[in-house]
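See below for the structure under consideration.
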Amino acid sequence: MTRPASVLARQTTGAGPLLGLALRRDKVMLPCWLYAAVGSVAVTGISFGKLYPTALSREVFAATINQSASLRAVYGPIFGTGIGGLTAWRMAAFGGVIVALMSSLLVVRHSRAEEETGRLELIGAGAVGRGAPLTAAVGTAVLGNLLVALLIPVAMIATGQDAAGSVAFGLAVACSGLVFTGIAAVVAQITETERAANGACGALLGLAFLLRAAGDAAGPGGPGWLSRLSPLGWTEQVRPYGGDRWWVVVLALVVAAALIAAAFALVSRRDLGAGLLPQRPGPATGAARLRSASALAWRLQRGSLYGWSAGALISGAVFGSLAKGVLSLFGGNAQIQQIIQRMGGQQSIVDAYLATMVNLLGMVAAVYAVQAALRLRGEEADGRAEPLLATAVSRLRWACSHLAYPLAGSAVLLIAGGAGTGVAAGVLLGDVGGRTASLVGAAAAQLPAVWCIAAGAVLVIGLLPRRTSAAWGILSVLLLISYLGPALKAGQWVLDLSPFTHIPRLPGAQFAAAPLLWLTGLAAVLAATGLAALCRRDLG
Amino acid sequence: MTTAISVSGLVKTFGRTRALDGLDLSVSQGEVHGFLGPNGAGKSTTIRVLLGLIRADSGEARLLDGDPWRDNVALHRRLAYVPGDVTLWRNLTGGETIDLLGRLRGGLDANRRAALLERFELDPTKKGRAYSKGNRQKVALVAALASDVELLLLDEPTSGLDPLMEEVFRACIAEERERGRTVLLSSHILSEVEALCDRVSIIRAGRTVESGTLAEMRHLTRTSVEAELAAVPPDLGALPGLHEVELRGTRLRCQVDTDHLDQLLRALTAVGVRTLTSRPPTLEELFLRHYEPERAQPQPEKSQPEKSQPEHPQQPEGAQR
């Protein structure tokens with residue numbers, strides 16, 4: 001009989017060099033993630049100090065937020081009313097999502113993606129244990145989360161916050177990341193492709209966000225337990241600077257460890273390259289309509305379009321159904337009005353809330369659009385475009401067959417999200433038809449901004465085919481500006497960089513066609529330049 | 001006979017690498033043309049220029065009387081391409097991929113498709129991600145061979161195929177020749193080219209070093225001769241074009257430049273010949289002569305530079321006999 005320790009040692013032989021390799025490959029990405037997570041915490045803390053310098057102003061602010069179901073849904077409840085407490089409140093949901101994304105992308109990138117491309121086969125033939133690649137992948141993500149847990153307290157203590165609360169804050173954010181490290185490790189064993197693994201992790205993260213939002217929105221007697229099911233809810237329930245509940249950290253760590261252990265158990269039960277879901281044979285001949293580049297692009301893109309649209313519809317319905325809670329806000333206080341307006345919107349509080357949600361949908365559509373546009377480069381880089389372009393398909397036609405998705409697919413996604421929001425808000429507030437129409441229109445008004453960002457991705461594909469990750473960088477910067485900029489009172493010129501700043505805040509604000517037209521024009525110029533470059537350059 | 005492919009002085013650089021350095025290539029309609037060279041010689045780059053996937057820096061390339069870059073779509077209806085490294089769409093089956101590529105080219109022959117699937121023993125119901133390298137190659141081959149086109153551009157099409165399937169491939173190409181199609185077959189497998197091709201172009205470092213029919217090329221090289229003679233021959237050293245002479249009593253082994261072969265035979269028949277074996281040079285030997293200067297240099301253990309070429313130097317990678 002072999003001792004468990006020696007089994008573990010055999011399984012993980014070679015994990016050290018693999019971890020080194022993974023860290024080397026991520027020497028740019030990992031610092032960027034850490035910077036996004038820790039930097040936004042530090043900036044938020046400093047800004048809250050400036051915005052709400054007195055204890056009274058903070059008490060009022062916290063009372064406002066905690067009374068509004070919809071604001072609790074978006075940002076979670078406030079537990080501590082110091083600067084630290086407010087920062088932890090503002091960043092718990094957001095920071096938790098960032099580190100969860102970071103962790104799942106890192107794990108999938110170094111486990112399933114490596115296996116799919118066949119590089120792992122090369123490594124697996126060496127003196128490397130079966131579990132070593134997963135160890136390296138999980139190790140990279142755990143290391144990233146430990147750095148988050150370390151750097152957030154450093155930043156918070158540096159700005160004069162309570163040490164225990166700061167440590168709890170760092171650990172709270174890292175908890176989301178660690179649990180998603182475990183989730184991604186399990187998912188990477190079950191699915192067969194990187195795309196499917198990332199899709200499943202993204203869906204689970206969306207579910208975690210919705211559970212937390214619904215649970216936090218529920219008042220006393222409502223299904224508040226929903227948020228306790230979500231790792232993002234745990235991050236919140238650590239309550240940094242508002243009680244520091246350490247046992248929640250311990251619970252999250254136990255769950256993360258259990259998930260990682262389950263992933264290792266799965267590794268030893270499957271073949272290299274295979275998932276746990278069985279493969280089924282498909283049709284021996286192509287269906288009659290599979291006879292054009294567009295038909296192929298539809299085959300390749302439809303799954304992700306369905307998934308994103310369903311996600312937008314469900315999120316829209318959840319956010320729409322929370323609109324009623326906004327009405328419970330007391331509206332007389334000028335300072336509160338100001339806060340609400342800063343959260344987005346100019347007219348009635350309900351409209352302001354809905355406009356913020358629609359804006360959020362626009363950002364989600366932008367992520368989809370960039371992802372769908374980069375599919376074009378993916379086809380090229382993986383060599384699948386070559387046999388296609390050796391047939392009677394012109395480069396422009398091939399490119400357009402894929403670009404239909406960032407252009408028209410994002411419209412489908414926005415309309416689904418707008419319809420979900422409108423129907424749900426209408427059912428609760430009355431006037432289903434009117435609200436649905438106005439919210440679908442408001443969502444559609446986000447399109448020019450989405451197109452601008454997608455066209456930026458096309459430009460990158462045309463001019464810098466080997467640097468397409470730049471498209472993700474541009475997107476992250478613009479989304480950070482839109483998400484955090486207004487609350488942090490960033491300069492107008494900074495806000496103006498994001499195309500979303502120029503979209504009229506519908507419903508509520510005056511509709512203005514001019515910005516929509518010039519944004520569309522800008523998108524057309526960027527896309528045309530990108531396409532022209534793509535058609536003129538070498539392929540490959 | 002008209003020309004299907006004509007390339008002259010083609011230059012293509014990638015950064016500081018000069019992938020094509022004045023390459024010439026001429027393929028007549030209806031011939032099977034071998035395009036031979038070691039890895040990295042520029043075979044794939046040439047084919048990608050001919051497909052209009054990349055643009056040459058200078059030089060001229062004509063394909064079926066068209067400009068490969070400008071007329072790409074029209075030309076692509078008349079040709080089929082098999083890449084050396086086939087990647088398939090993960091969620092399409094092999095059968096779907098074959099049909100899609102064929103239809104995009106303007107249709108494919110259903111009977112020939114069925115026959116080819118059978119001959120290559122390919123299961124068309126598997127999803128793209130489930131195929132091995134050899135089977136991915138077969139998907140691309142069936143898609144190309146089942147299309148009704150004038151020209152086949154095949155870039156190392158047998159990489160990953162087992163010997164039995166290579167045999168099937170050879171039979172298929174022979175039939176294509178019968179049908180009058182033009183084939184450009186890039187390869188580093190000499191036996192394959194030798195068995196299939198009417199004419200051969202050998203390239204090295206982006207430049208054509210030799211081009212012609214196999215018969216023409218053999219003229220440029222040597223024939224191996226083994227003979228058992230009736231008596232010890234007089235001084236053979238006086239004969240021109242003789243290499244690696246090995247004389248043991250009445251047994252002679254040597255190599256002779258092919259254009260001096262008759263002089264050697266005259267000298268041998270003068271003393272009387274009991275047995276005679278003469279072997280034409282294989283493409284392997286041709287190939288080695290072209291690449292040898294490069295390959296021999298970094299071998300420090302050969303302290304004495306031999307005047308004539310060693311008879312059996314190391315075979316180049318991928319050479320199969």
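Here's how to read the names in the structure tokens: chain A, B, ... by the order shown, residue numbers from 1 in each chain, ligand numbers from 1 in the order shown.
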
Please identify which residues in range 38-174 of chain B DSSP calls helix (DSSP H, G or I) from the backbone, and express them as a PDB file with N, CA and C atoms, in the first residue's frame.
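Result written to states.pdb:
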```pdb
ATOM      1  N   LYS B  43       8.752  26.431 -49.002  1.00  0.00           N
ATOM      2  CA  LYS B  43       7.691  25.780 -49.781  1.00  0.00           C
ATOM      3  C   LYS B  43       6.319  26.333 -49.418  1.00  0.00           C
ATOM      4  N   SER B  44       6.026  26.337 -48.114  1.00  0.00           N
ATOM      5  CA  SER B  44       4.703  26.804 -47.687  1.00  0.00           C
ATOM      6  C   SER B  44       4.518  28.279 -48.003  1.00  0.00           C
ATOM      7  N   THR B  45       5.572  29.063 -47.839  1.00  0.00           N
ATOM      8  CA  THR B  45       5.472  30.497 -48.136  1.00  0.00           C
ATOM      9  C   THR B  45       5.106  30.701 -49.604  1.00  0.00           C
ATOM     10  N   THR B  46       5.750  29.926 -50.503  1.00  0.00           N
ATOM     11  CA  THR B  46       5.433  30.043 -51.927  1.00  0.00           C
ATOM     12  C   THR B  46       3.963  29.722 -52.178  1.00  0.00           C
ATOM     13  N   ILE B  47       3.495  28.636 -51.568  1.00  0.00           N
ATOM     14  CA  ILE B  47       2.105  28.231 -51.791  1.00  0.00           C
ATOM     15  C   ILE B  47       1.157  29.281 -51.243  1.00  0.00           C
ATOM     16  N   ARG B  48       1.525  29.888 -50.100  1.00  0.00           N
ATOM     17  CA  ARG B  48       0.658  30.920 -49.532  1.00  0.00           C
ATOM     18  C   ARG B  48       0.635  32.180 -50.401  1.00  0.00           C
ATOM     19  N   VAL B  49       1.752  32.450 -51.088  1.00  0.00           N
ATOM     20  CA  VAL B  49       1.734  33.558 -52.056  1.00  0.00           C
ATOM     21  C   VAL B  49       0.810  33.190 -53.221  1.00  0.00           C
ATOM     22  N   LEU B  50       0.918  31.935 -53.675  1.00  0.00           N
ATOM     23  CA  LEU B  50       0.091  31.500 -54.813  1.00  0.00           C
ATOM     24  C   LEU B  50      -1.394  31.516 -54.455  1.00  0.00           C
ATOM     25  N   ASN B  72      -7.980  36.489 -56.520  1.00  0.00           N
ATOM     26  CA  ASN B  72      -7.966  35.294 -55.664  1.00  0.00           C
ATOM     27  C   ASN B  72      -9.286  34.524 -55.674  1.00  0.00           C
ATOM     28  N   VAL B  73     -10.397  35.226 -55.577  1.00  0.00           N
ATOM     29  CA  VAL B  73     -11.671  34.501 -55.468  1.00  0.00           C
ATOM     30  C   VAL B  73     -11.962  33.707 -56.732  1.00  0.00           C
ATOM     31  N   ALA B  74     -11.775  34.339 -57.899  1.00  0.00           N
ATOM     32  CA  ALA B  74     -12.035  33.637 -59.162  1.00  0.00           C
ATOM     33  C   ALA B  74     -11.099  32.438 -59.300  1.00  0.00           C
ATOM     34  N   LEU B  75      -9.827  32.627 -58.931  1.00  0.00           N
ATOM     35  CA  LEU B  75      -8.867  31.530 -59.068  1.00  0.00           C
ATOM     36  C   LEU B  75      -9.190  30.396 -58.104  1.00  0.00           C
ATOM     37  N   HIS B  76      -9.648  30.755 -56.919  1.00  0.00           N
ATOM     38  CA  HIS B  76      -9.883  29.721 -55.910  1.00  0.00           C
ATOM     39  C   HIS B  76     -11.022  28.773 -56.285  1.00  0.00           C
ATOM     40  N   GLY B  94     -16.269  15.899 -39.480  1.00  0.00           N
ATOM     41  CA  GLY B  94     -15.422  15.816 -40.663  1.00  0.00           C
ATOM     42  C   GLY B  94     -16.254  15.932 -41.933  1.00  0.00           C
ATOM     43  N   GLY B  95     -17.401  15.234 -41.955  1.00  0.00           N
ATOM     44  CA  GLY B  95     -18.275  15.269 -43.123  1.00  0.00           C
ATOM     45  C   GLY B  95     -18.778  16.670 -43.415  1.00  0.00           C
ATOM     46  N   GLU B  96     -19.136  17.392 -42.362  1.00  0.00           N
ATOM     47  CA  GLU B  96     -19.619  18.764 -42.548  1.00  0.00           C
ATOM     48  C   GLU B  96     -18.512  19.662 -43.097  1.00  0.00           C
ATOM     49  N   THR B  97     -17.299  19.463 -42.572  1.00  0.00           N
ATOM     50  CA  THR B  97     -16.174  20.268 -43.041  1.00  0.00           C
ATOM     51  C   THR B  97     -15.897  20.004 -44.522  1.00  0.00           C
ATOM     52  N   ILE B  98     -15.926  18.717 -44.905  1.00  0.00           N
ATOM     53  CA  ILE B  98     -15.688  18.363 -46.305  1.00  0.00           C
ATOM     54  C   ILE B  98     -16.731  19.030 -47.195  1.00  0.00           C
ATOM     55  N   ASP B  99     -18.000  18.934 -46.799  1.00  0.00           N
ATOM     56  CA  ASP B  99     -19.072  19.516 -47.618  1.00  0.00           C
ATOM     57  C   ASP B  99     -18.958  21.035 -47.689  1.00  0.00           C
ATOM     58  N   LEU B 100     -18.669  21.635 -46.544  1.00  0.00           N
ATOM     59  CA  LEU B 100     -18.573  23.105 -46.513  1.00  0.00           C
ATOM     60  C   LEU B 100     -17.464  23.587 -47.446  1.00  0.00           C
ATOM     61  N   LEU B 101     -16.258  23.008 -47.287  1.00  0.00           N
ATOM     62  CA  LEU B 101     -15.130  23.468 -48.105  1.00  0.00           C
ATOM     63  C   LEU B 101     -15.403  23.210 -49.583  1.00  0.00           C
ATOM     64  N   GLY B 102     -16.003  22.050 -49.884  1.00  0.00           N
ATOM     65  CA  GLY B 102     -16.315  21.730 -51.276  1.00  0.00           C
ATOM     66  C   GLY B 102     -17.328  22.702 -51.869  1.00  0.00           C
ATOM     67  N   ARG B 103     -18.374  22.989 -51.115  1.00  0.00           N
ATOM     68  CA  ARG B 103     -19.410  23.892 -51.631  1.00  0.00           C
ATOM     69  C   ARG B 103     -18.868  25.301 -51.805  1.00  0.00           C
ATOM     70  N   LEU B 104     -18.005  25.725 -50.889  1.00  0.00           N
ATOM     71  CA  LEU B 104     -17.447  27.076 -51.004  1.00  0.00           C
ATOM     72  C   LEU B 104     -16.560  27.198 -52.232  1.00  0.00           C
ATOM     73  N   ALA B 110     -20.506  13.984 -55.249  1.00  0.00           N
ATOM     74  CA  ALA B 110     -20.962  13.161 -54.127  1.00  0.00           C
ATOM     75  C   ALA B 110     -20.431  11.734 -54.227  1.00  0.00           C
ATOM     76  N   ASN B 111     -20.386  11.194 -55.448  1.00  0.00           N
ATOM     77  CA  ASN B 111     -19.898   9.821 -55.608  1.00  0.00           C
ATOM     78  C   ASN B 111     -18.431   9.716 -55.250  1.00  0.00           C
ATOM     79  N   ARG B 112     -17.665  10.713 -55.757  1.00  0.00           N
ATOM     80  CA  ARG B 112     -16.238  10.670 -55.474  1.00  0.00           C
ATOM     81  C   ARG B 112     -15.998  10.872 -53.975  1.00  0.00           C
ATOM     82  N   ARG B 113     -16.805  11.728 -53.359  1.00  0.00           N
ATOM     83  CA  ARG B 113     -16.675  11.949 -51.917  1.00  0.00           C
ATOM     84  C   ARG B 113     -16.860  10.636 -51.167  1.00  0.00           C
ATOM     85  N   ALA B 114     -17.920   9.895 -51.524  1.00  0.00           N
ATOM     86  CA  ALA B 114     -18.199   8.629 -50.848  1.00  0.00           C
ATOM     87  C   ALA B 114     -17.065   7.637 -51.080  1.00  0.00           C
ATOM     88  N   ALA B 115     -16.581   7.584 -52.337  1.00  0.00           N
ATOM     89  CA  ALA B 115     -15.513   6.633 -52.652  1.00  0.00           C
ATOM     90  C   ALA B 115     -14.239   6.976 -51.884  1.00  0.00           C
ATOM     91  N   LEU B 116     -13.940   8.276 -51.809  1.00  0.00           N
ATOM     92  CA  LEU B 116     -12.714   8.691 -51.124  1.00  0.00           C
ATOM     93  C   LEU B 116     -12.802   8.415 -49.624  1.00  0.00           C
ATOM     94  N   LEU B 117     -13.974   8.648 -49.034  1.00  0.00           N
ATOM     95  CA  LEU B 117     -14.140   8.361 -47.605  1.00  0.00           C
ATOM     96  C   LEU B 117     -13.838   6.901 -47.338  1.00  0.00           C
ATOM     97  N   GLU B 118     -14.314   6.051 -48.262  1.00  0.00           N
ATOM     98  CA  GLU B 118     -14.106   4.624 -48.087  1.00  0.00           C
ATOM     99  C   GLU B 118     -12.631   4.255 -48.247  1.00  0.00           C
ATOM    100  N   ARG B 119     -12.020   4.819 -49.297  1.00  0.00           N
ATOM    101  CA  ARG B 119     -10.616   4.468 -49.555  1.00  0.00           C
ATOM    102  C   ARG B 119      -9.714   4.942 -48.430  1.00  0.00           C
ATOM    103  N   GLY B 128     -14.570  17.654 -35.166  1.00  0.00           N
ATOM    104  CA  GLY B 128     -13.222  18.068 -35.543  1.00  0.00           C
ATOM    105  C   GLY B 128     -12.171  17.852 -34.468  1.00  0.00           C
ATOM    106  N   ARG B 129     -12.539  18.085 -33.193  1.00  0.00           N
ATOM    107  CA  ARG B 129     -11.544  17.985 -32.130  1.00  0.00           C
ATOM    108  C   ARG B 129     -11.155  16.545 -31.844  1.00  0.00           C
ATOM    109  N   ALA B 130     -11.973  15.599 -32.318  1.00  0.00           N
ATOM    110  CA  ALA B 130     -11.725  14.202 -31.972  1.00  0.00           C
ATOM    111  C   ALA B 130     -10.787  13.501 -32.945  1.00  0.00           C
ATOM    112  N   LYS B 133      -4.046  13.617 -35.969  1.00  0.00           N
ATOM    113  CA  LYS B 133      -3.411  14.430 -37.011  1.00  0.00           C
ATOM    114  C   LYS B 133      -3.614  13.825 -38.398  1.00  0.00           C
ATOM    115  N   GLY B 134      -3.398  12.507 -38.495  1.00  0.00           N
ATOM    116  CA  GLY B 134      -3.554  11.842 -39.783  1.00  0.00           C
ATOM    117  C   GLY B 134      -4.976  11.956 -40.305  1.00  0.00           C
ATOM    118  N   ASN B 135      -5.942  11.813 -39.396  1.00  0.00           N
ATOM    119  CA  ASN B 135      -7.338  11.888 -39.828  1.00  0.00           C
ATOM    120  C   ASN B 135      -7.749  13.307 -40.201  1.00  0.00           C
ATOM    121  N   ARG B 136      -7.171  14.295 -39.539  1.00  0.00           N
ATOM    122  CA  ARG B 136      -7.446  15.684 -39.942  1.00  0.00           C
ATOM    123  C   ARG B 136      -6.932  15.909 -41.359  1.00  0.00           C
ATOM    124  N   GLN B 137      -5.750  15.323 -41.621  1.00  0.00           N
ATOM    125  CA  GLN B 137      -5.155  15.442 -42.946  1.00  0.00           C
ATOM    126  C   GLN B 137      -6.071  14.799 -43.991  1.00  0.00           C
ATOM    127  N   LYS B 138      -6.664  13.653 -43.608  1.00  0.00           N
ATOM    128  CA  LYS B 138      -7.556  12.962 -44.551  1.00  0.00           C
ATOM    129  C   LYS B 138      -8.779  13.805 -44.848  1.00  0.00           C
ATOM    130  N   VAL B 139      -9.312  14.499 -43.838  1.00  0.00           N
ATOM    131  CA  VAL B 139     -10.483  15.345 -44.071  1.00  0.00           C
ATOM    132  C   VAL B 139     -10.159  16.374 -45.151  1.00  0.00           C
ATOM    133  N   ALA B 140      -8.992  17.023 -45.014  1.00  0.00           N
ATOM    134  CA  ALA B 140      -8.609  18.040 -46.000  1.00  0.00           C
ATOM    135  C   ALA B 140      -8.373  17.410 -47.365  1.00  0.00           C
ATOM    136  N   LEU B 141      -7.789  16.212 -47.386  1.00  0.00           N
ATOM    137  CA  LEU B 141      -7.518  15.535 -48.667  1.00  0.00           C
ATOM    138  C   LEU B 141      -8.809  15.171 -49.374  1.00  0.00           C
ATOM    139  N   VAL B 142      -9.758  14.604 -48.641  1.00  0.00           N
ATOM    140  CA  VAL B 142     -11.023  14.208 -49.268  1.00  0.00           C
ATOM    141  C   VAL B 142     -11.731  15.462 -49.800  1.00  0.00           C
ATOM    142  N   ALA B 143     -11.712  16.539 -48.990  1.00  0.00           N
ATOM    143  CA  ALA B 143     -12.375  17.768 -49.438  1.00  0.00           C
ATOM    144  C   ALA B 143     -11.750  18.268 -50.732  1.00  0.00           C
ATOM    145  N   ALA B 144     -10.429  18.158 -50.840  1.00  0.00           N
ATOM    146  CA  ALA B 144      -9.757  18.672 -52.035  1.00  0.00           C
ATOM    147  C   ALA B 144      -9.955  17.745 -53.232  1.00  0.00           C
ATOM    148  N   LEU B 145      -9.796  16.434 -53.002  1.00  0.00           N
ATOM    149  CA  LEU B 145      -9.828  15.490 -54.128  1.00  0.00           C
ATOM    150  C   LEU B 145     -11.245  15.292 -54.655  1.00  0.00           C
ATOM    151  N   PRO B 163       1.704   4.381 -43.681  1.00  0.00           N
ATOM    152  CA  PRO B 163       2.169   3.932 -45.006  1.00  0.00           C
ATOM    153  C   PRO B 163       1.036   3.430 -45.907  1.00  0.00           C
ATOM    154  N   LEU B 164       0.056   2.746 -45.318  1.00  0.00           N
ATOM    155  CA  LEU B 164      -1.063   2.250 -46.134  1.00  0.00           C
ATOM    156  C   LEU B 164      -1.822   3.418 -46.761  1.00  0.00           C
ATOM    157  N   MET B 165      -2.061   4.436 -45.971  1.00  0.00           N
ATOM    158  CA  MET B 165      -2.807   5.586 -46.459  1.00  0.00           C
ATOM    159  C   MET B 165      -1.976   6.382 -47.464  1.00  0.00           C
ATOM    160  N   GLU B 166      -0.666   6.372 -47.249  1.00  0.00           N
ATOM    161  CA  GLU B 166       0.210   7.029 -48.221  1.00  0.00           C
ATOM    162  C   GLU B 166       0.067   6.353 -49.584  1.00  0.00           C
ATOM    163  N   GLU B 167      -0.079   5.030 -49.549  1.00  0.00           N
ATOM    164  CA  GLU B 167      -0.262   4.265 -50.784  1.00  0.00           C
ATOM    165  C   GLU B 167      -1.565   4.701 -51.467  1.00  0.00           C
ATOM    166  N   VAL B 168      -2.630   4.827 -50.674  1.00  0.00           N
ATOM    167  CA  VAL B 168      -3.921   5.273 -51.204  1.00  0.00           C
ATOM    168  C   VAL B 168      -3.770   6.660 -51.817  1.00  0.00           C
ATOM    169  N   PHE B 169      -3.038   7.520 -51.099  1.00  0.00           N
ATOM    170  CA  PHE B 169      -2.837   8.880 -51.603  1.00  0.00           C
ATOM    171  C   PHE B 169      -2.139   8.849 -52.960  1.00  0.00           C
ATOM    172  N   ARG B 170      -1.113   8.003 -53.076  1.00  0.00           N
ATOM    173  CA  ARG B 170      -0.381   7.938 -54.340  1.00  0.00           C
ATOM    174  C   ARG B 170      -1.284   7.490 -55.477  1.00  0.00           C
ATOM    175  N   ALA B 171      -2.116   6.496 -55.176  1.00  0.00           N
ATOM    176  CA  ALA B 171      -3.042   6.011 -56.211  1.00  0.00           C
ATOM    177  C   ALA B 171      -3.980   7.142 -56.635  1.00  0.00           C
ATOM    178  N   CYS B 172      -4.447   7.910 -55.660  1.00  0.00           N
ATOM    179  CA  CYS B 172      -5.361   9.010 -55.970  1.00  0.00           C
ATOM    180  C   CYS B 172      -4.689  10.036 -56.870  1.00  0.00           C
ATOM    181  N   ILE B 173      -3.454  10.374 -56.559  1.00  0.00           N
ATOM    182  CA  ILE B 173      -2.761  11.394 -57.357  1.00  0.00           C
ATOM    183  C   ILE B 173      -2.532  10.876 -58.773  1.00  0.00           C
ATOM    184  N   ALA B 174      -2.222   9.559 -58.872  1.00  0.00           N
ATOM    185  CA  ALA B 174      -2.049   8.985 -60.207  1.00  0.00           C
ATOM    186  C   ALA B 174      -3.336   9.129 -61.016  1.00  0.00           C
TER     187      ALA B 174
END
```

**Surrounding residues of Leu497 in chain A excluding itself and chain neighbours under 3 positions, 10 Å, only C-alpha atoms, as a VMD selection string** = chain A and resid 477 to 478 481 to 482 492 to 494 500 to 502

Writing out the chosen residues with C-alpha atoms as a CSV table (one decimal), in the first residue's frame:
```csv
chain,number,residue,atom,x,y,z
A,477,VAL,CA,-9.9,50.9,-19.3
A,478,LEU,CA,-13.1,52.2,-20.8
A,481,ILE,CA,-13.8,54.8,-16.4
A,482,SER,CA,-17.6,54.2,-16.8
A,492,GLN,CA,-14.7,65.2,-17.4
A,493,TRP,CA,-12.0,64.7,-20.0
A,494,VAL,CA,-11.4,61.2,-18.5
A,500,PHE,CA,-20.7,55.3,-22.9
A,501,THR,CA,-20.3,58.8,-21.4
A,502,HIS,CA,-21.8,60.3,-24.5
```

**Residues of chain A within 6 Å of chain B, only C-alpha atoms counted, as a list in words** = Pro281, Gly282, Pro283, Ala284, Thr285, Gly286, Arg291, Arg384, Ala390, Thr391, Ala392, Ser394, Asp538 and Leu539 of chain A

Write to file, as a PDB file, in the first residue's frame, the residues of the selection just made, with N, CA and C atoms.
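Output contents, as saved in part.pdb:
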```pdb
ATOM      1  N   PRO A 281     -21.281  11.274 -31.822  1.00  0.00           N
ATOM      2  CA  PRO A 281     -21.024  11.510 -33.243  1.00  0.00           C
ATOM      3  C   PRO A 281     -22.025  12.512 -33.805  1.00  0.00           C
ATOM      4  N   GLY A 282     -21.623  13.183 -34.874  1.00  0.00           N
ATOM      5  CA  GLY A 282     -22.493  14.174 -35.495  1.00  0.00           C
ATOM      6  C   GLY A 282     -22.895  13.725 -36.886  1.00  0.00           C
ATOM      7  N   PRO A 283     -23.503  14.601 -37.664  1.00  0.00           N
ATOM      8  CA  PRO A 283     -23.948  14.222 -39.000  1.00  0.00           C
ATOM      9  C   PRO A 283     -22.766  13.937 -39.926  1.00  0.00           C
ATOM     10  N   ALA A 284     -22.944  12.956 -40.824  1.00  0.00           N
ATOM     11  CA  ALA A 284     -21.882  12.580 -41.745  1.00  0.00           C
ATOM     12  C   ALA A 284     -21.787  13.536 -42.918  1.00  0.00           C
ATOM     13  N   THR A 285     -22.871  14.249 -43.193  1.00  0.00           N
ATOM     14  CA  THR A 285     -22.836  15.216 -44.287  1.00  0.00           C
ATOM     15  C   THR A 285     -23.291  16.572 -43.765  1.00  0.00           C
ATOM     16  N   GLY A 286     -22.877  17.607 -44.471  1.00  0.00           N
ATOM     17  CA  GLY A 286     -23.257  18.950 -44.066  1.00  0.00           C
ATOM     18  C   GLY A 286     -24.694  19.237 -44.465  1.00  0.00           C
ATOM     19  N   ARG A 291     -23.371  26.246 -46.509  1.00  0.00           N
ATOM     20  CA  ARG A 291     -22.715  26.377 -47.794  1.00  0.00           C
ATOM     21  C   ARG A 291     -22.157  27.782 -48.007  1.00  0.00           C
ATOM     22  N   ARG A 384      -7.423  28.056 -39.106  1.00  0.00           N
ATOM     23  CA  ARG A 384      -8.667  27.581 -39.700  1.00  0.00           C
ATOM     24  C   ARG A 384      -9.153  28.504 -40.813  1.00  0.00           C
ATOM     25  N   ALA A 390      -8.775  29.749 -48.997  1.00  0.00           N
ATOM     26  CA  ALA A 390      -8.269  29.139 -50.225  1.00  0.00           C
ATOM     27  C   ALA A 390      -9.432  28.688 -51.095  1.00  0.00           C
ATOM     28  N   THR A 391     -10.660  28.858 -50.623  1.00  0.00           N
ATOM     29  CA  THR A 391     -11.825  28.614 -51.472  1.00  0.00           C
ATOM     30  C   THR A 391     -12.307  29.963 -51.997  1.00  0.00           C
ATOM     31  N   ALA A 392     -13.429  29.953 -52.705  1.00  0.00           N
ATOM     32  CA  ALA A 392     -13.890  31.186 -53.343  1.00  0.00           C
ATOM     33  C   ALA A 392     -14.579  32.115 -52.349  1.00  0.00           C
ATOM     34  N   SER A 394     -13.915  35.634 -50.311  1.00  0.00           N
ATOM     35  CA  SER A 394     -12.978  36.752 -50.222  1.00  0.00           C
ATOM     36  C   SER A 394     -12.746  37.074 -48.760  1.00  0.00           C
ATOM     37  N   ASP A 538      -0.662  40.500 -44.738  1.00  0.00           N
ATOM     38  CA  ASP A 538      -0.431  39.059 -44.843  1.00  0.00           C
ATOM     39  C   ASP A 538      -1.295  38.354 -43.822  1.00  0.00           C
ATOM     40  N   LEU A 539      -1.765  37.192 -44.203  1.00  0.00           N
ATOM     41  CA  LEU A 539      -2.596  36.420 -43.293  1.00  0.00           C
ATOM     42  C   LEU A 539      -1.716  35.472 -42.484  1.00  0.00           C
TER      43      LEU A 539
END
```

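Among the candidates A:Cys400, A:Leu464, A:Ala365, A:Val128, the residue lying nearest to Gln446 in chain A is A:Ala365 (atoms considered: only C-alpha atoms).
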
**Request:** Quick one: everything within 12 Å of Ala262 in chain A, counting only C-alpha atoms, minus sequence neighbours fewer than 4 positions away in the same chain. Send it as an NGL selection string.
**Result:** :A and (131 or 134 or 182-190 or 255-258 or 266-269)

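Distance check against Arg279 in chain B using only C-alpha atoms: of B:Asp259, B:Leu236, B:Arg222, B:Val245, the minimum falls on B:Arg222.
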
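For Lys12 in chain B, the residues within 6 Å (counting only C-alpha atoms, excluding itself and residues fewer than 2 positions away along the chain) are B:Ala19, B:Leu20, B:Ala56, B:Asp57.
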
Please dump the current selection as a PDB file, in the first residue's frame; keep C-alpha atoms.
```
ATOM      1  CA  ALA B  19      11.807  33.442 -46.575  1.00  0.00           C
ATOM      2  CA  LEU B  20      11.843  33.646 -50.387  1.00  0.00           C
ATOM      3  CA  ALA B  56       5.222  38.902 -52.176  1.00  0.00           C
ATOM      4  CA  ASP B  57       7.623  41.833 -51.771  1.00  0.00           C
TER       5      ASP B  57
END
```
